[in-house]
Structures are given as structure tokens and as C-alpha cells.
Amino acid sequence: MQDRYEAGAIEQKWQQFWEQNKSFKAAEIPGKKKYYLLEMFPYPSGRIHMGHVRNYSIGDVVARFKRLQGYNVLHPMGWDAFGMPAENAAIKHGTHPAKWTYENIASMKVQLKKMGLSYDWDRELATCNADYYRWEQLIFLRMLEKGLAYKKSSSVNWCPDCQTVLANEQVEDGCCWRCDSEVVPKELEQWFFRITNYAQELLDETYNLSGWPEPVLMMQRNWIGRSTGCEIDFPLEGTDKGIRVFTTRQDTLYGATFMSLAPEHPMALELASAEQRSAVQAFIAKVKKQDKIRRTSDDQEKEGVFTGSYCLNPVTGVRMPIFLANFVLMDYGTGAVMAVPTHDQRDFEFARKYRLPLVVVIQPEGEKLTPETMPEAWTGPGVMVNSAEFDGLSNEEAKEKIAESLVAKGIGDKTVNYRLRDWGVSRQRYWGTPIPVLYCDQCGTVPVPEKDLPVVLPTDVEFTGEGGSPLALCEAFVNTTCPVCGGAARRETDTFDTFVESSWYFARYACPGYAEAPVDAEAVKYWLPIDQYIGGIEHAVMHLLYARFFTKVMRDLGMMAIDEPFTNLLTQGMVCMETRSCPEHGWLYPEEVVDGKCSRCSAEAAVGRNEKMSKSKKNVIDPDHLIKRYGADTARLFSLFAAPPEKDLEWNEQGVEGCYRFISRVWRAVHDNLELIQGITAGEPSDGPGRDLRRITHRTIKKVTEDIDGRFHFNTAIAAVMELVNAIYTFEPKKEHPSVLREALETTVRLLTPFVPHVAEELWNCLGHQQSIESCGWPTWNPDALIEDEISIVIQVNGKVRGKVVVAADAVEDAIREAALAESNVARFIADKNLRKVIIVPGRLVNIVVS
């Protein structure tokens, strides 16, 4: 039996035990309550980082806790293995993305196993495996049949460095979400999913996801962007045509003085007069090079060009010049905007710049606006003016009445619009799922027959990093036979956006070996929805929204019977560390800083801000180094104790040392008392000191249980166990109360099991138990043990605290009153005063009122 805590040997022993005994293998057990716990699966970059350690430690605590509570727990792991980084790395290192990916998977799997995470590795999947993506291709074909997948030419977000299309959600501040290159617009034929068909349901369900963080729900609501308003027809002067606009501000219609069109609008060139054609063409060419997101930002300069054409305001008859404007997008509404400069700030700035007329139609209460004196647009509420029969109404009341009038006159319709656009899923890269479509000169676009799935991604391709996807140059892949007419055909060479794979992987975990369909309906019915999902908030409007969409699609295709994939969602904070830099050598890795100086030149290492761990900032900590030095249990404990899971965790070397010392202290507490408690069964004590320790023990069980269960207050749960350990160390009459000591020690080990499972297993074994601690269940507290023998009551004199008194827990009010009045410090404040009353709040407070 070891006297000293040796993390490495202990962790290797129990990891082998768990693997050999398949301790965490899950299977459907009818009638047993299930719990599906899942962390977002990782991209196989080759190395785990502290963010992984934290994320997966959080999940593992919950999985182990629920297992100990008697739940049938599914806790799987796999790999989000397709994507641009693998292809880029292959080009950079002269290797194949498949080789690079599978080597990384093998490396990361070893690292994750060293963390002692309780995964059912028999359910492991990798999205780059044809056994997985064949079913994704089948889902696509079913979507194609239902009209939920389609191809069209459109202006797309193009990353010139990655040489591929990006969805709107993958463009961050005008840059590629992966490589930070500036995104440019490009016209391409693309495959899309009709996520807009589910816009309203996706929005409605955000109000039912009570287990999700409100910030994530708000981000999705804003991204879906539902707006209620009207579509209104504006006649084109001198023609029988018109321009239809969408507006949420029909109350301002009488103040519309010009029209703004998106430069991409199909009528843009048609509306250009002979005199303005060259200017219009130049403006369109200029705006096409600009990022869509930046075009609509508040600080972007508002620019436009007059087309030379006019339309008519349908309610006033006013002749309105038609402009192209850089801040109007085809992606929203109809791509045409009725401009009301007095009541929209962008229109206001545009009108001032191009000297266009302004008409006030809403007056704020108690003020009188005039176009000549307005410093900015008035966008608040008010009373209608210059609006015919609607004058005098509040603008909110006028919205409905004007909408009704437009419908009655046949010049408009009430409508709902969404900011959400259909999901562009084509990517011009190699390392992804092939889109199962053929092109035949005779038959057109032809779906690959289901019997021919999977369309396997070929491995014999050459990577140069130039000219887009190498698939297009792979004749053996491209050239094929049309299944309809038997003639020559060409395969689609675009691959799916990697977010397609991650939009349904969680369902495949329920049945990873199922060979009849994408999912086994019975297995999915048993395990889904996921009870607890864990991952970063940065996926709010990408992965989390797409996964919700895919779940609804698979439901409508008859593959699943649930509406939402994730019942509860936890978005964990980042792992941060202060940066250090040297004036000579720039950013320094932590190991390059010795006594606050650069190890290479001895210059003072300047301290920067606490920032997310990043290789570029050189503030990363290698988890392997941490595990080798302290053990996985210490790494887990620190990541769980240093901050609540939803908050950022600041790396602290002293904190890691402190966690290691605490585990060592628990180790000594057990080993120092083994001889004393040998052969003793945990039981109730016979007198005061024993009852005190037992009370602390059961109070800790209650505290830790409540902190873990649904609240995820792991840091306070660990702190409570630390207090119990302190109580064990200060418990003097050990020999007189070995049974209560054993109960306290065993409880400590059991409560620590989800956090530090290796040392918990070892200490449980040392305490004489033959079975794994995982099979012993979660401890429960005895309410009788929580009853206090004595309680401390605060004493106030005229509302100010003047002392406290300890009385028997069952003391009657007379006894409490007598003890309070006799307390020495209190007596000073009531001496020579008139005692008016004594107010007793049972168990808490005595307030003495004197005058």
C-alpha cells in the first residue's frame, strides 16, 4: 500500500481497469431512466489543449455523477474530421489530409484516455469515414426529393485564401471564420438547404428551450430576424411595371421621398438611363468588391448613384428618384427600400449627402420637427402628420390602419420577413463529403441512386493549394455514367460544408453501427433528445442552429420523432492566461519566463492582459506536460475548481499546485487512519463530538449533490469537500468514534469520484472495498443527521448587532430571551435603559428594543 500519492501509476492502473471492464459501455435498457450527456466533438488537430481539458472535464463530472445516481448514461466521443484545416495542413506539409487526420485522431485519442474521461469508445465515429457520410448523402437525397435542397446561382461569400464559399454565419467582421482573410463576393452556382422553411418554427421553439442560456437564444432570435410589415408596390414612371419593397415602417409611407435599391437588384441595370448607365455600371462593379457585412455597418459611409429613373409614391403620387445604395442588400426583403429620410438615420445621411427632399410624418409629443432643423432622423414614437386621413393617430395605431388600407386598395400585402437566409452548403474543397449528384448533357442534374452510395472521396488526388478543389482534376472521379440514360456524365466536385456533418452526428451516436439507415429509430427514440449538451457560445448561430434545423428535417423525413436535439445547453467559458513579452524576442511561452525575465536575454518580461490561450500569443499550457507532472486528476480538479463552468478560467500555476496538495491531503487523511478504521462499519456516533463530524459529513453530501445536480456549481462543491477534509483533520476523538470517521472518509472519496476518479478508485480500494467505486452509487444524506444540537443566534439592540449567544437547538423562547439579555456585551447596551420589548425570530435572531 502506497504511503505517498503517485498519480502516474494510479491513473494508468485504473484507466486499464476501466478499458478492460468496459466500465462506461452504454446500451438501451428498457425501463431504466436514461441520461445522454454530450460535449461538442473536437476537430482532430493533433493535440488537445486546456480548453479541451476543461470542456471534457465538465462533461465527465456530470456523466459520472448521473451514472452514480443510477441513470443509464450515454457519453460518447468522436471526431469532426472533415474541413479546410486538414486540407490546408496537407498542402503545407506535403501529406494527404486523410493521413494527417487519422494520425491526429490516434494521437488525441491517447491524450483523452489519459484524462480518464468516461467515454463509451465503442461508439466512436469520425465524420470522414464513408460509413458515416454515406448516410449524410442519403439524407441529402431525401431532402432533394422534398425540395429542401436545391441549386442556384448566387452572389456568395468567397474566401480567396481558403478558395471556398462561406455561409453568412461563417463570416466574422468581414473575414473568414477560419483564416481571418478578407471575404469577397463572387457569383457561383451553389447548393442550398431551405433552412428558411423552418424559420418560424426555429424562432418559436427558442421560447420553449428553458434549459438554454438566454444569450444563445437571443443570438438565434436576432439571426433569424423575424420582422412583420408590408410589401408595397411602387409604380415605375412611364411604364406598367413596378418595384415591390418590404417595410416594417408602413407608418412612414407618406414620408417616402426616394427609392434605394441593392446594386445586385435584377432591375439595377434595366433602370439605368442612357446618361447614367456608365455611372451605374461603375458603382455596381465597385460595390461588388465590398463585404456585405461592412456595407450595412453604422460607421460605413453611405454611398449611391442615381439610376436616372423614377417611381411614384403609391399614396401621395410624389415622383421619387431611384438610387442604387451600398447599404441595401438583396439578402433582406426584396432588395428595394422606400427611403424616408426624416425617420431612418441611414436614409437621413444619404438624403443630406445627395440633397434629396425630406418630409416629416411623425411628430414626437411636445415637439415640432422641421426638415430644415432636424439634426438627425426621428425614429421614436409620435403622432402622425402629413399623412392624409391618418393624421392625429399614434404611429403604432397607424401601422395597422395603413396596412389594412394598402391591402384594400390592392397596392400592398401584410407580410412577414426573416433575416435568415437559406444555408449555402457547397464548398470548393476536397476534404469533405462528396455531394451525390451527377450532371448529364441529356438528363440534366441527376441524383446518385441510393444503391450507389456512398460516393466515396478518392484518395489519389494531388494537392497544390492552387486552383480550388483538386477533385475537379481527378478524371477517375469526375467522369462517370448517367444512371438514367447510360450516357456520359460528370460528378459534382463540390463537397459539403463541414457543418453538415456536425448537424446530425449526435443522432448517429445512438446507433453508430446501424447499417440500414442513417439512424435506428428505436435507439434514437430511447436516447434522444440529448439531456445535456456542452460547448462554446461561438457556435450559437452556426452549429447549434444548424443542428436544430437538421433535427426538424430528419423528423419530417420520418427518421426521428423529436423536435429539438438538446434539452439543456451549457456554454463553458474560455481558458485564459496572462501574456508575457520581451522587447527583443516578442511573445514568450510560459517556460521561457524565469523569475519574470526572458530566459534568452534576461530582459524584463512585460505582463500583458489575460487572454484566451493561443499559439499565436504563446500563452499555451501543454496538458500532457501538466498531466505528466501532476496527474490527470489534478488537471481536472483545477479546471473545475478555479471558476464556475460558464465563466472564463484564468490559468494559475499556484492554483494547480494547490489542487495537487489537496489531493495529497485527502490521500494522507485516508492512509493515516486506515489502521484505526480497519474492520469498522460506518455507523451513528454516540455523543457530541461524533455527532458534529457526522453532521458536517451529511451536510457536505447535501451541498455537493445540490451544487452538481443541474446547477453545475463545481467550484463550490469542491470547496465543500475541502471543508469536510479540514473537519476530518481537526477531529480529535478519532479512537472513540472510528465508525463516524470511516463514514467521513468514505463520503469524501465518494463525493470526489466525479472530479478525481482515479484517486477515488484507488482510495476506495484502500478502504477495503473490492468493487469499483463506480458501482457503489451516490451517497444520500440523512435529514436527522443535519439537526443541530446547538445553534448560534444573533442579538440586536435597536436594530444594531451587539452580540450573539449559543443555545440548545430546541430551546424555548423564554430560555433564548434570558440568555440574550444576560450576554455580557449586550448587557452594556441595555443597562439603565427602559426595556420595551424582545422580538425573537426562532433559530435566527433576537432584537431587543430599549429607550
# chains A, B, ... in the order shown; residues from 1 in each chain; ligands from 1
$ select_by_dssp --residues "stretch 438-598 of chain A" --states "strand (DSSP E)" --output "ChimeraX atom specification"
/A:438-440,444-447,479-481,488-491,495-496,532-535,569-571,575-582,586-588,593-594,597-598
$ residues_around --residues "A:Asp687" --least-positions-apart "2" --cutoff "12 Å" --atoms "only C-alpha atoms" --output "mmCIF file with C-alpha atoms, in the first residue's frame"
data_model
loop_
_atom_site.group_PDB
_atom_site.id
_atom_site.type_symbol
_atom_site.label_atom_id
_atom_site.label_comp_id
_atom_site.auth_asym_id
_atom_site.auth_seq_id
_atom_site.Cartn_x
_atom_site.Cartn_y
_atom_site.Cartn_z
ATOM 1 C CA GLU A 684 -24.014 6.598 14.064
ATOM 2 C CA PRO A 685 -21.957 8.206 16.850
ATOM 3 C CA PRO A 689 -18.053 15.295 19.015
ATOM 4 C CA GLY A 690 -19.024 12.342 16.838
ATOM 5 C CA ARG A 691 -22.378 13.859 16.039
ATOM 6 C CA ASP A 692 -20.628 17.089 14.989
ATOM 7 C CA LEU A 693 -18.457 15.324 12.402
ATOM 8 C CA ARG A 694 -21.400 13.271 11.161
ATOM 9 C CA PRO A 733 -11.573 11.820 19.376
ATOM 10 C CA GLU A 736 -13.544 6.915 20.343
ATOM 11 C CA HIS A 737 -15.538 7.311 17.111
ATOM 12 C CA VAL A 740 -18.079 8.162 12.135
ATOM 13 C CA ASP A 789 -27.548 20.253 18.890
#
$ atom_distance --atom1 "atom CA of A:Asn129" --atom2 "atom CA of A:Thr164"
22.2 Å
$ residues_around --residues "A:Lys34" --least-positions-apart "5" --cutoff "10 Å" --atoms "only C-alpha atoms" --output "short mmCIF file (atom, residue, chain, number, x, y, z; two decimals) with N, CA and C atoms, in the first residue's frame"
data_model
loop_
_atom_site.label_atom_id
_atom_site.label_comp_id
_atom_site.auth_asym_id
_atom_site.auth_seq_id
_atom_site.Cartn_x
_atom_site.Cartn_y
_atom_site.Cartn_z
N ALA A 26 -22.45 1.78 -22.92
CA ALA A 26 -23.88 2.06 -22.77
C ALA A 26 -24.69 1.16 -23.70
N ALA A 27 -25.87 0.79 -23.24
CA ALA A 27 -26.80 0.02 -24.05
C ALA A 27 -28.22 0.39 -23.64
N GLU A 28 -29.15 0.25 -24.56
CA GLU A 28 -30.54 0.56 -24.23
C GLU A 28 -31.06 -0.45 -23.21
N ILE A 29 -31.56 0.04 -22.10
CA ILE A 29 -32.15 -0.82 -21.08
C ILE A 29 -33.58 -0.34 -20.84
N LYS A 66 -24.28 11.31 -12.84
CA LYS A 66 -25.56 10.73 -13.22
C LYS A 66 -25.48 9.19 -13.20
N ARG A 67 -24.33 8.65 -13.59
CA ARG A 67 -24.16 7.21 -13.54
C ARG A 67 -24.24 6.71 -12.10
N GLY A 70 -27.63 6.34 -10.67
CA GLY A 70 -28.45 5.23 -11.17
C GLY A 70 -28.97 5.40 -12.57
N TYR A 71 -28.57 6.46 -13.26
CA TYR A 71 -29.02 6.66 -14.64
C TYR A 71 -28.23 5.75 -15.59
N ASN A 72 -28.88 5.41 -16.69
CA ASN A 72 -28.22 4.72 -17.79
C ASN A 72 -27.63 5.81 -18.68
N VAL A 73 -26.33 6.01 -18.58
CA VAL A 73 -25.68 7.18 -19.18
C VAL A 73 -25.03 6.84 -20.51
N LEU A 74 -25.34 7.64 -21.51
CA LEU A 74 -24.63 7.59 -22.80
C LEU A 74 -23.70 8.79 -22.85
N TYR A 526 -35.00 5.91 -27.76
CA TYR A 526 -34.57 5.68 -26.38
C TYR A 526 -33.65 6.79 -25.87
N TRP A 527 -32.66 7.20 -26.69
CA TRP A 527 -31.60 8.08 -26.19
C TRP A 527 -31.89 9.57 -26.38
N LEU A 528 -32.54 9.95 -27.46
CA LEU A 528 -32.70 11.38 -27.74
C LEU A 528 -34.01 11.91 -27.17
N ILE A 530 -30.85 14.84 -26.39
CA ILE A 530 -29.70 14.91 -25.50
C ILE A 530 -30.12 15.67 -24.25
N ASP A 531 -29.82 15.09 -23.10
CA ASP A 531 -30.22 15.71 -21.84
C ASP A 531 -29.34 16.90 -21.49
#
$ closest_residue --among "A:Asp556, A:Glu790, A:Glu823, A:Glu762" --to "A:Tyr198" --atoms "only C-alpha atoms"
A:Asp556
$ atom_distance --atom1 "atom CA of A:Leu438" --atom2 "atom CA of A:Glu492"
5.8 Å
$ select_by_dssp --residues "stretch 62-275 of chain A" --states "alpha helix (DSSP H)" --output "ChimeraX atom specification"
/A:62-68,84-93,97-114,130-145,199-205,214-224
$ write_last_selection --atoms "C-alpha atoms" --output "PDB file, in the first residue's frame"
ATOM      1  CA  VAL A  62     -21.921  15.231 -14.984  1.00  0.00           C
ATOM      2  CA  ALA A  63     -21.707  11.837 -16.731  1.00  0.00           C
ATOM      3  CA  ARG A  64     -20.103  10.138 -13.720  1.00  0.00           C
ATOM      4  CA  PHE A  65     -22.472  11.848 -11.285  1.00  0.00           C
ATOM      5  CA  LYS A  66     -25.557  10.726 -13.221  1.00  0.00           C
ATOM      6  CA  ARG A  67     -24.161   7.209 -13.536  1.00  0.00           C
ATOM      7  CA  LEU A  68     -23.641   7.086  -9.765  1.00  0.00           C
ATOM      8  CA  MET A  84     -10.406  23.110 -44.551  1.00  0.00           C
ATOM      9  CA  PRO A  85      -7.698  22.990 -41.841  1.00  0.00           C
ATOM     10  CA  ALA A  86      -6.814  19.379 -42.716  1.00  0.00           C
ATOM     11  CA  GLU A  87      -6.558  20.199 -46.408  1.00  0.00           C
ATOM     12  CA  ASN A  88      -4.513  23.325 -45.727  1.00  0.00           C
ATOM     13  CA  ALA A  89      -2.187  21.343 -43.434  1.00  0.00           C
ATOM     14  CA  ALA A  90      -1.803  18.657 -46.089  1.00  0.00           C
ATOM     15  CA  ILE A  91      -0.769  21.261 -48.652  1.00  0.00           C
ATOM     16  CA  LYS A  92       1.633  22.889 -46.191  1.00  0.00           C
ATOM     17  CA  HIS A  93       3.304  19.645 -45.068  1.00  0.00           C
ATOM     18  CA  PRO A  97      -5.416  15.038 -45.418  1.00  0.00           C
ATOM     19  CA  ALA A  98      -6.637  11.524 -44.664  1.00  0.00           C
ATOM     20  CA  LYS A  99      -3.216  10.503 -43.318  1.00  0.00           C
ATOM     21  CA  TRP A 100      -2.905  13.770 -41.379  1.00  0.00           C
ATOM     22  CA  THR A 101      -6.416  13.400 -39.939  1.00  0.00           C
ATOM     23  CA  TYR A 102      -6.205   9.767 -38.863  1.00  0.00           C
ATOM     24  CA  GLU A 103      -2.782  10.250 -37.284  1.00  0.00           C
ATOM     25  CA  ASN A 104      -4.168  13.191 -35.323  1.00  0.00           C
ATOM     26  CA  ILE A 105      -7.178  11.168 -34.223  1.00  0.00           C
ATOM     27  CA  ALA A 106      -4.910   8.438 -32.899  1.00  0.00           C
ATOM     28  CA  SER A 107      -2.761  10.981 -31.039  1.00  0.00           C
ATOM     29  CA  MET A 108      -5.689  12.854 -29.497  1.00  0.00           C
ATOM     30  CA  LYS A 109      -7.439   9.641 -28.514  1.00  0.00           C
ATOM     31  CA  VAL A 110      -4.407   8.653 -26.440  1.00  0.00           C
ATOM     32  CA  GLN A 111      -4.415  12.083 -24.782  1.00  0.00           C
ATOM     33  CA  LEU A 112      -8.126  11.948 -23.994  1.00  0.00           C
ATOM     34  CA  LYS A 113      -7.788   8.486 -22.487  1.00  0.00           C
ATOM     35  CA  LYS A 114      -5.040   9.840 -20.235  1.00  0.00           C
ATOM     36  CA  ALA A 130     -17.500   6.637 -45.561  1.00  0.00           C
ATOM     37  CA  ASP A 131     -19.567   4.529 -43.152  1.00  0.00           C
ATOM     38  CA  TYR A 132     -20.670   7.818 -41.614  1.00  0.00           C
ATOM     39  CA  TYR A 133     -21.016  10.161 -44.555  1.00  0.00           C
ATOM     40  CA  ARG A 134     -22.868   7.678 -46.774  1.00  0.00           C
ATOM     41  CA  TRP A 135     -25.882   8.347 -44.569  1.00  0.00           C
ATOM     42  CA  GLU A 136     -25.373  12.091 -44.839  1.00  0.00           C
ATOM     43  CA  GLN A 137     -25.501  11.664 -48.611  1.00  0.00           C
ATOM     44  CA  LEU A 138     -28.753   9.724 -48.230  1.00  0.00           C
ATOM     45  CA  ILE A 139     -30.279  12.472 -46.088  1.00  0.00           C
ATOM     46  CA  PHE A 140     -29.315  14.944 -48.818  1.00  0.00           C
ATOM     47  CA  LEU A 141     -31.045  12.854 -51.487  1.00  0.00           C
ATOM     48  CA  ARG A 142     -34.214  12.714 -49.376  1.00  0.00           C
ATOM     49  CA  MET A 143     -34.016  16.477 -48.888  1.00  0.00           C
ATOM     50  CA  LEU A 144     -33.606  16.876 -52.649  1.00  0.00           C
ATOM     51  CA  GLU A 145     -36.789  14.821 -53.195  1.00  0.00           C
ATOM     52  CA  ALA A 199     -37.546  29.897 -39.784  1.00  0.00           C
ATOM     53  CA  GLN A 200     -40.751  30.365 -37.811  1.00  0.00           C
ATOM     54  CA  GLU A 201     -40.529  27.022 -36.038  1.00  0.00           C
ATOM     55  CA  LEU A 202     -36.869  27.612 -35.193  1.00  0.00           C
ATOM     56  CA  LEU A 203     -37.852  31.000 -33.778  1.00  0.00           C
ATOM     57  CA  ASP A 204     -40.917  29.776 -31.879  1.00  0.00           C
ATOM     58  CA  GLU A 205     -39.031  26.949 -30.198  1.00  0.00           C
ATOM     59  CA  GLU A 214     -30.698  33.241 -22.709  1.00  0.00           C
ATOM     60  CA  PRO A 215     -27.766  34.903 -24.589  1.00  0.00           C
ATOM     61  CA  VAL A 216     -27.646  31.965 -27.029  1.00  0.00           C
ATOM     62  CA  LEU A 217     -31.397  32.114 -27.569  1.00  0.00           C
ATOM     63  CA  MET A 218     -31.234  35.868 -28.171  1.00  0.00           C
ATOM     64  CA  MET A 219     -28.436  35.406 -30.705  1.00  0.00           C
ATOM     65  CA  GLN A 220     -30.542  32.868 -32.600  1.00  0.00           C
ATOM     66  CA  ARG A 221     -33.649  35.058 -32.457  1.00  0.00           C
ATOM     67  CA  ASN A 222     -31.680  38.011 -33.799  1.00  0.00           C
ATOM     68  CA  TRP A 223     -30.082  35.881 -36.524  1.00  0.00           C
ATOM     69  CA  ILE A 224     -33.462  34.515 -37.640  1.00  0.00           C
TER      70      ILE A 224
END
$ residues_around --residues "A:Met722" --least-positions-apart "3" --cutoff "9 Å" --atoms "only C-alpha atoms" --output "PDB file with N, CA, C and O atoms, in the first residue's frame"
ATOM      1  N   PHE A 662      -4.132  19.412  -2.315  1.00  0.00           N
ATOM      2  CA  PHE A 662      -5.397  18.956  -1.731  1.00  0.00           C
ATOM      3  C   PHE A 662      -5.590  17.461  -1.948  1.00  0.00           C
ATOM      4  O   PHE A 662      -5.974  16.725  -1.033  1.00  0.00           O
ATOM      5  N   VAL A 666      -5.977  14.536   0.930  1.00  0.00           N
ATOM      6  CA  VAL A 666      -7.009  13.507   1.019  1.00  0.00           C
ATOM      7  C   VAL A 666      -6.363  12.134   1.108  1.00  0.00           C
ATOM      8  O   VAL A 666      -6.774  11.273   1.901  1.00  0.00           O
ATOM      9  N   ALA A 717     -18.904  23.014  -4.880  1.00  0.00           N
ATOM     10  CA  ALA A 717     -18.997  21.621  -4.432  1.00  0.00           C
ATOM     11  C   ALA A 717     -17.639  21.132  -3.945  1.00  0.00           C
ATOM     12  O   ALA A 717     -17.530  20.489  -2.882  1.00  0.00           O
ATOM     13  N   ILE A 718     -16.602  21.435  -4.708  1.00  0.00           N
ATOM     14  CA  ILE A 718     -15.243  21.032  -4.307  1.00  0.00           C
ATOM     15  C   ILE A 718     -14.844  21.738  -3.017  1.00  0.00           C
ATOM     16  O   ILE A 718     -14.237  21.132  -2.124  1.00  0.00           O
ATOM     17  N   ALA A 719     -15.199  23.009  -2.905  1.00  0.00           N
ATOM     18  CA  ALA A 719     -14.874  23.755  -1.680  1.00  0.00           C
ATOM     19  C   ALA A 719     -15.540  23.117  -0.465  1.00  0.00           C
ATOM     20  O   ALA A 719     -14.950  23.071   0.629  1.00  0.00           O
ATOM     21  N   VAL A 725     -12.779  17.733   4.605  1.00  0.00           N
ATOM     22  CA  VAL A 725     -11.426  17.207   4.855  1.00  0.00           C
ATOM     23  C   VAL A 725     -10.777  17.950   6.024  1.00  0.00           C
ATOM     24  O   VAL A 725     -10.118  17.343   6.874  1.00  0.00           O
ATOM     25  N   ASN A 726     -10.969  19.245   6.068  1.00  0.00           N
ATOM     26  CA  ASN A 726     -10.454  20.014   7.218  1.00  0.00           C
ATOM     27  C   ASN A 726     -11.060  19.511   8.519  1.00  0.00           C
ATOM     28  O   ASN A 726     -10.366  19.384   9.548  1.00  0.00           O
ATOM     29  N   ALA A 727     -12.346  19.225   8.508  1.00  0.00           N
ATOM     30  CA  ALA A 727     -13.018  18.727   9.714  1.00  0.00           C
ATOM     31  C   ALA A 727     -12.456  17.376  10.133  1.00  0.00           C
ATOM     32  O   ALA A 727     -12.324  17.086  11.338  1.00  0.00           O
ATOM     33  N   THR A 748     -15.996  11.400   1.703  1.00  0.00           N
ATOM     34  CA  THR A 748     -15.055  12.275   0.987  1.00  0.00           C
ATOM     35  C   THR A 748     -14.655  11.659  -0.338  1.00  0.00           C
ATOM     36  O   THR A 748     -14.692  12.317  -1.395  1.00  0.00           O
TER      37      THR A 748
END
$ residues_around --residues "A:Tyr660" --least-positions-apart "4" --cutoff "12 Å" --atoms "only C-alpha atoms" --output "JSON, numbers by chain"
{"A": [5, 6, 7, 626, 627, 629, 630, 631, 632, 633, 634, 635, 636, 637, 638, 641, 653, 654, 655, 656, 664, 665, 666, 667, 756, 759]}
$ atom_distance --atom1 "atom CA of A:Asn610" --atom2 "atom CA of A:His52"
18.6 Å
$ closest_residue --among "A:Thr495, A:Thr579, A:Asn386, A:Asn847" --to "A:Val437" --atoms "only C-alpha atoms"
A:Thr495
$ closest_residue --among "A:Gly304, A:Gly51, A:Gly335, A:Gly242" --to "A:Ala262" --atoms "only C-alpha atoms"
A:Gly335
$ closest_residue --among "A:Phe350, A:Trp504, A:Tyr310, A:Phe712" --to "A:Phe327" --atoms "only C-alpha atoms"
A:Phe350
$ closest_residue --among "A:Val287, A:Leu676, A:Ala642, A:Ala819" --to "A:Asn326" --atoms "only C-alpha atoms"
A:Val287
$ residues_around --residues "stretch 117-120 of chain A" --least-positions-apart "3" --cutoff "6 Å" --atoms "only C-alpha atoms" --output "list in words"
Phe24, Lys25, Asp60, His75, Pro76 and Arg123 of chain A
$ closest_residue --among "A:Leu209, A:Leu763, A:Cys128, A:Val337" --to "A:Leu261" --atoms "only C-alpha atoms"
A:Val337
$ residues_around --residues "A:Lys612" --least-positions-apart "3" --cutoff "8 Å" --atoms "only C-alpha atoms" --output "MDAnalysis selection string"
chainID A and resid 574:577
$ write_last_selection --atoms "all heavy atoms" --output "PDB file, in the first residue's frame"
ATOM      1  N   MET A 574     -13.885  30.364 -21.580  1.00  0.00           N
ATOM      2  CA  MET A 574     -12.583  30.058 -22.169  1.00  0.00           C
ATOM      3  C   MET A 574     -11.528  29.899 -21.079  1.00  0.00           C
ATOM      4  O   MET A 574     -11.720  30.306 -19.933  1.00  0.00           O
ATOM      5  CB  MET A 574     -12.163  31.175 -23.124  1.00  0.00           C
ATOM      6  CG  MET A 574     -13.101  31.371 -24.296  1.00  0.00           C
ATOM      7  SD  MET A 574     -12.511  32.635 -25.459  1.00  0.00           S
ATOM      8  CE  MET A 574     -12.537  34.098 -24.436  1.00  0.00           C
ATOM      9  N   VAL A 575     -10.411  29.294 -21.466  1.00  0.00           N
ATOM     10  CA  VAL A 575      -9.249  29.228 -20.582  1.00  0.00           C
ATOM     11  C   VAL A 575      -8.311  30.361 -20.989  1.00  0.00           C
ATOM     12  O   VAL A 575      -7.905  30.461 -22.149  1.00  0.00           O
ATOM     13  CB  VAL A 575      -8.531  27.871 -20.691  1.00  0.00           C
ATOM     14  CG1 VAL A 575      -7.309  27.842 -19.772  1.00  0.00           C
ATOM     15  CG2 VAL A 575      -9.480  26.741 -20.330  1.00  0.00           C
ATOM     16  N   CYS A 576      -8.009  31.225 -20.035  1.00  0.00           N
ATOM     17  CA  CYS A 576      -7.199  32.412 -20.317  1.00  0.00           C
ATOM     18  C   CYS A 576      -5.907  32.384 -19.498  1.00  0.00           C
ATOM     19  O   CYS A 576      -5.817  31.741 -18.454  1.00  0.00           O
ATOM     20  CB  CYS A 576      -7.969  33.685 -19.987  1.00  0.00           C
ATOM     21  SG  CYS A 576      -9.547  33.838 -20.870  1.00  0.00           S
ATOM     22  N   MET A 577      -4.927  33.113 -19.992  1.00  0.00           N
ATOM     23  CA  MET A 577      -3.656  33.216 -19.278  1.00  0.00           C
ATOM     24  C   MET A 577      -3.012  34.547 -19.646  1.00  0.00           C
ATOM     25  O   MET A 577      -3.161  35.025 -20.775  1.00  0.00           O
ATOM     26  CB  MET A 577      -2.730  32.061 -19.663  1.00  0.00           C
ATOM     27  CG  MET A 577      -1.416  32.028 -18.889  1.00  0.00           C
ATOM     28  SD  MET A 577      -0.398  30.623 -19.384  1.00  0.00           S
ATOM     29  CE  MET A 577       1.002  30.840 -18.283  1.00  0.00           C
TER      30      MET A 577
END
